[in-house]
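*Asks:* mmCIF, N, CA and C atoms and all ligand atoms, saved as work23.cif, coming up:
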data_target
loop_
_atom_site.label_atom_id
_atom_site.label_comp_id
_atom_site.auth_asym_id
_atom_site.auth_seq_id
_atom_site.Cartn_x
_atom_site.Cartn_y
_atom_site.Cartn_z
N MET A 65 162.64 130.33 78.68
CA MET A 65 163.20 129.06 78.22
C MET A 65 162.24 128.41 77.24
N VAL A 66 162.09 129.02 76.10
CA VAL A 66 161.23 128.46 75.07
C VAL A 66 162.11 128.18 73.86
N LYS A 67 161.88 127.03 73.27
CA LYS A 67 162.75 126.60 72.20
C LYS A 67 161.91 125.94 71.12
N GLN A 68 162.07 126.35 69.88
CA GLN A 68 161.32 125.74 68.79
C GLN A 68 162.21 124.76 68.04
N ILE A 69 161.70 123.57 67.85
CA ILE A 69 162.46 122.51 67.19
C ILE A 69 161.57 121.82 66.16
N GLU A 70 162.17 120.97 65.35
CA GLU A 70 161.39 120.16 64.44
C GLU A 70 161.67 118.70 64.75
N VAL A 71 160.61 117.92 64.92
CA VAL A 71 160.74 116.50 65.22
C VAL A 71 159.85 115.71 64.28
N ASN A 72 160.41 114.80 63.54
CA ASN A 72 159.62 113.98 62.60
C ASN A 72 158.75 114.85 61.70
N GLY A 73 159.26 116.00 61.33
CA GLY A 73 158.48 116.87 60.46
C GLY A 73 157.44 117.71 61.17
N GLU A 74 157.34 117.56 62.49
CA GLU A 74 156.38 118.36 63.26
C GLU A 74 157.12 119.55 63.88
N GLN A 75 156.46 120.71 63.87
CA GLN A 75 157.02 121.87 64.55
C GLN A 75 156.63 121.79 66.01
N VAL A 76 157.62 121.86 66.87
CA VAL A 76 157.37 121.71 68.31
C VAL A 76 158.00 122.88 69.05
N ILE A 77 157.24 123.47 69.95
CA ILE A 77 157.79 124.49 70.83
C ILE A 77 157.84 123.92 72.24
N LEU A 78 159.02 123.91 72.81
CA LEU A 78 159.19 123.40 74.16
C LEU A 78 159.14 124.57 75.12
N GLY A 79 158.28 124.44 76.11
CA GLY A 79 158.17 125.50 77.11
C GLY A 79 158.31 124.91 78.49
N GLY A 80 158.17 125.74 79.49
CA GLY A 80 158.37 125.31 80.86
C GLY A 80 157.36 124.30 81.36
N ASN A 81 156.13 124.37 80.87
CA ASN A 81 155.08 123.51 81.41
C ASN A 81 154.55 122.49 80.43
N GLY A 82 155.11 122.41 79.27
CA GLY A 82 154.61 121.47 78.28
C GLY A 82 155.14 121.86 76.92
N ALA A 83 154.66 121.17 75.92
CA ALA A 83 155.09 121.46 74.55
C ALA A 83 153.89 121.87 73.72
N LEU A 84 154.15 122.64 72.70
CA LEU A 84 153.13 122.97 71.72
C LEU A 84 153.55 122.33 70.42
N VAL A 85 152.60 121.66 69.76
CA VAL A 85 152.91 121.03 68.48
C VAL A 85 151.93 121.59 67.45
N ALA A 86 152.48 122.03 66.32
CA ALA A 86 151.65 122.66 65.29
C ALA A 86 150.75 121.64 64.62
N SER A 87 149.51 122.03 64.39
CA SER A 87 148.58 121.20 63.63
C SER A 87 148.94 121.30 62.16
N LYS A 88 148.89 120.17 61.45
CA LYS A 88 149.16 120.22 60.03
C LYS A 88 147.89 120.51 59.24
N SER A 89 146.76 120.07 59.76
CA SER A 89 145.51 120.27 59.03
C SER A 89 144.96 121.68 59.24
N GLN A 90 145.30 122.30 60.36
CA GLN A 90 144.79 123.64 60.64
C GLN A 90 145.96 124.58 60.93
N PRO A 91 146.44 125.25 59.90
CA PRO A 91 147.57 126.15 60.10
C PRO A 91 147.27 127.19 61.18
N GLY A 92 148.24 127.45 62.01
CA GLY A 92 148.05 128.43 63.07
C GLY A 92 147.54 127.83 64.35
N VAL A 93 147.11 126.56 64.31
CA VAL A 93 146.63 125.90 65.52
C VAL A 93 147.77 125.09 66.13
N TRP A 94 147.94 125.23 67.41
CA TRP A 94 148.97 124.48 68.14
C TRP A 94 148.29 123.67 69.23
N TYR A 95 148.70 122.41 69.37
CA TYR A 95 148.14 121.57 70.41
C TYR A 95 149.09 121.53 71.61
N VAL A 96 148.52 121.54 72.78
CA VAL A 96 149.31 121.47 74.00
C VAL A 96 149.55 120.00 74.35
N VAL A 97 150.81 119.64 74.48
CA VAL A 97 151.17 118.30 74.92
C VAL A 97 151.82 118.44 76.29
N ARG A 98 151.24 117.77 77.27
CA ARG A 98 151.73 117.94 78.64
C ARG A 98 151.48 116.65 79.40
N ALA A 99 152.45 116.24 80.17
CA ALA A 99 152.31 115.06 81.02
C ALA A 99 151.79 113.85 80.26
N GLY A 100 152.30 113.66 79.05
CA GLY A 100 151.96 112.47 78.29
C GLY A 100 150.60 112.49 77.64
N GLN A 101 149.97 113.67 77.57
CA GLN A 101 148.67 113.77 76.93
C GLN A 101 148.66 114.92 75.95
N CYS A 102 147.82 114.79 74.94
CA CYS A 102 147.67 115.86 73.97
C CYS A 102 146.21 116.28 73.98
N GLN A 103 145.98 117.54 73.63
CA GLN A 103 144.61 118.03 73.68
C GLN A 103 143.87 117.84 72.35
N CYS A 104 144.52 117.25 71.34
CA CYS A 104 143.84 117.15 70.04
C CYS A 104 142.78 116.05 70.04
N LYS A 105 141.93 116.07 69.02
CA LYS A 105 140.84 115.09 68.94
C LYS A 105 141.37 113.68 68.78
N GLY A 106 142.41 113.53 67.96
CA GLY A 106 142.97 112.20 67.74
C GLY A 106 143.37 111.54 69.05
N TYR A 107 143.97 112.35 69.92
CA TYR A 107 144.37 111.79 71.20
C TYR A 107 143.16 111.40 72.05
N GLN A 108 142.12 112.21 72.00
CA GLN A 108 140.92 111.90 72.80
C GLN A 108 140.32 110.56 72.36
N TYR A 109 140.39 110.26 71.07
CA TYR A 109 139.82 109.02 70.56
C TYR A 109 140.74 107.82 70.75
N ARG A 110 142.02 108.02 70.48
CA ARG A 110 142.93 106.87 70.40
C ARG A 110 143.97 106.82 71.50
N SER A 111 144.02 107.84 72.33
CA SER A 111 145.04 107.93 73.37
C SER A 111 146.45 107.96 72.80
N ARG A 112 146.55 108.31 71.54
CA ARG A 112 147.86 108.59 70.97
C ARG A 112 147.67 109.46 69.74
N CYS A 113 148.72 110.14 69.37
CA CYS A 113 148.65 111.01 68.20
C CYS A 113 150.06 111.39 67.81
N ARG A 114 150.21 111.98 66.63
CA ARG A 114 151.56 112.29 66.17
C ARG A 114 152.20 113.43 66.95
N HIS A 115 151.39 114.26 67.58
CA HIS A 115 151.96 115.36 68.39
C HIS A 115 152.67 114.78 69.60
N LEU A 116 151.96 113.89 70.27
CA LEU A 116 152.56 113.24 71.44
C LEU A 116 153.77 112.40 71.01
N ASP A 117 153.62 111.71 69.89
CA ASP A 117 154.74 110.90 69.38
C ASP A 117 155.97 111.76 69.14
N ALA A 118 155.76 112.94 68.60
CA ALA A 118 156.90 113.82 68.32
C ALA A 118 157.60 114.22 69.61
N VAL A 119 156.82 114.53 70.62
CA VAL A 119 157.41 114.94 71.89
C VAL A 119 158.12 113.76 72.55
N LYS A 120 157.50 112.58 72.48
CA LYS A 120 158.14 111.38 73.03
C LYS A 120 159.45 111.11 72.32
N SER A 121 159.40 111.22 71.01
CA SER A 121 160.55 110.92 70.19
C SER A 121 161.71 111.87 70.53
N TYR A 122 161.38 113.13 70.69
CA TYR A 122 162.42 114.10 71.07
C TYR A 122 162.99 113.75 72.44
N SER A 123 162.09 113.42 73.34
CA SER A 123 162.49 113.10 74.70
C SER A 123 163.44 111.90 74.72
N ARG A 124 163.10 110.87 73.96
CA ARG A 124 163.95 109.68 73.89
C ARG A 124 165.30 110.01 73.29
N ALA A 125 165.26 110.78 72.22
CA ALA A 125 166.50 111.12 71.52
C ALA A 125 167.45 111.88 72.43
N HIS A 126 166.89 112.54 73.42
CA HIS A 126 167.73 113.31 74.32
C HIS A 126 167.94 112.59 75.64
N GLN A 127 167.70 111.29 75.59
CA GLN A 127 168.03 110.42 76.71
C GLN A 127 167.43 110.89 78.03
N SER A 128 166.17 111.17 77.98
CA SER A 128 165.49 111.49 79.22
C SER A 128 165.44 110.22 80.06
N GLN A 129 165.25 110.41 81.32
CA GLN A 129 165.29 109.26 82.20
C GLN A 129 164.00 108.43 82.14
N ASP A 130 163.60 107.89 83.25
CA ASP A 130 162.49 106.93 83.27
C ASP A 130 161.19 107.48 82.73
N ASP A 131 160.86 108.66 83.18
CA ASP A 131 159.64 109.31 82.76
C ASP A 131 159.90 109.95 81.43
N TRP A 132 159.54 109.26 80.36
CA TRP A 132 160.02 109.72 79.06
C TRP A 132 159.24 110.87 78.50
N TYR A 133 158.10 111.16 79.03
CA TYR A 133 157.37 112.26 78.38
C TYR A 133 157.72 113.62 78.94
N PHE A 134 156.81 114.56 78.89
CA PHE A 134 157.28 115.92 78.89
C PHE A 134 158.03 116.38 80.12
N ASN A 135 157.78 115.82 81.25
CA ASN A 135 158.53 116.27 82.41
C ASN A 135 160.01 116.21 82.19
N ASN A 136 160.42 115.27 81.35
CA ASN A 136 161.83 115.17 81.05
C ASN A 136 162.28 116.15 79.99
N VAL A 137 161.42 116.36 79.05
CA VAL A 137 161.76 117.31 77.99
C VAL A 137 162.04 118.66 78.63
N GLN A 138 161.29 118.94 79.66
CA GLN A 138 161.48 120.19 80.40
C GLN A 138 162.93 120.40 80.79
N GLY A 139 163.55 119.33 81.27
CA GLY A 139 164.92 119.45 81.73
C GLY A 139 165.88 119.74 80.59
N VAL A 140 165.50 119.37 79.42
CA VAL A 140 166.37 119.52 78.26
C VAL A 140 166.23 120.90 77.63
N ALA A 141 165.01 121.42 77.66
CA ALA A 141 164.73 122.66 76.93
C ALA A 141 165.46 123.86 77.53
ZN ZN A 201 147.71 115.38 69.35
#
Could you write out this structure as structure tokens?
Ligand SMILES: [Zn+2]
*Replies:*
Amino acid sequence: MVKQIEVNGEQVILGGNGALVASKSQPGVWYVVRAGQCQCKGYQYRSRCRHLDAVKSYSRAHQSQDDWYFNNVQGVA
């Protein structure tokens, strides 16, 4: 159950345990977004980043329930 989509111009792969979002600055690098967190440096500094935003945005667009981040995306993928 893996699905590749594009959200806000970001390439996102939805998998069973989280999402992968492609890095724009480093081709071939994918960041793991899981449980509302991203592993990229931007997220470590600011607690937010465009990878997480893309996953949130997808999740909202698909009317996930209360827990808007990846646990819900899981149900959709
Ligand atoms: Zn990130």
*Asks:* So, with only C-alpha atoms as the atoms that count, which of A:Val66, A:Val76, A:Cys104, A:Gly82 lies closest to Ala118 of chain A?
*Replies:*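 Residue with the minimum atom-to-atom distance to Ala118 of chain A: A:Val76.
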*Asks:* Atom CA of His115 of chain A and atom C of Gln75 of chain A are how many Å apart?
*Replies:* 8.3 Å
*Asks:* So which residues touch Asp117 of chain A within 10 Å, counting only C-alpha atoms, skipping near sequence neighbours fewer than 6 positions away, as a ChimeraX atom specification?
*Replies:* /A:71-72,74,97,100,102,123,133
*Asks:* Could the residues of chain A that have an atom at most 6 Å from ligand ZN 201 (chain A) be listed as a tab-separated table, each with its closest atom pair and the distance in Å to one decimal, counting only N, CA and C atoms and all ligand atoms and ordered by chain and ascending residue number?
*Replies:*
residue	atom	partner	partner_atom	distance
A:Cys102	CA	A:ZN201	ZN	4.6
A:Gln103	N	A:ZN201	ZN	5.1
A:Cys104	N	A:ZN201	ZN	4.2
A:Lys105	N	A:ZN201	ZN	5.8
A:Gly106	N	A:ZN201	ZN	5.8
A:Tyr107	N	A:ZN201	ZN	4.8
A:Arg112	C	A:ZN201	ZN	5.9
A:Cys113	CA	A:ZN201	ZN	4.6
A:Arg114	N	A:ZN201	ZN	5.0
A:His115	N	A:ZN201	ZN	4.2
A:Leu116	N	A:ZN201	ZN	4.6
*Asks:* So how many Å separate atom N of Arg98 of chain A and atom CA of Leu84 of chain A, to one decimal?
*Replies:* 7.8 Å
*Asks:* Please indicate the distance in Å from atom N of Gly92 of chain A to atom C of Gly73 of chain A, rounded to one decimal place.
*Replies:* 13.4 Å
*Asks:* Find, counting only N, CA and C atoms, the residue in A:Ala83, A:Glu70, A:Ser89, A:Trp94 that gets nearest to Tyr122 of chain A.
*Replies:*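 Of A:Ala83, A:Glu70, A:Ser89, A:Trp94, the one nearest Tyr122 of chain A is A:Glu70, counting only N, CA and C atoms.
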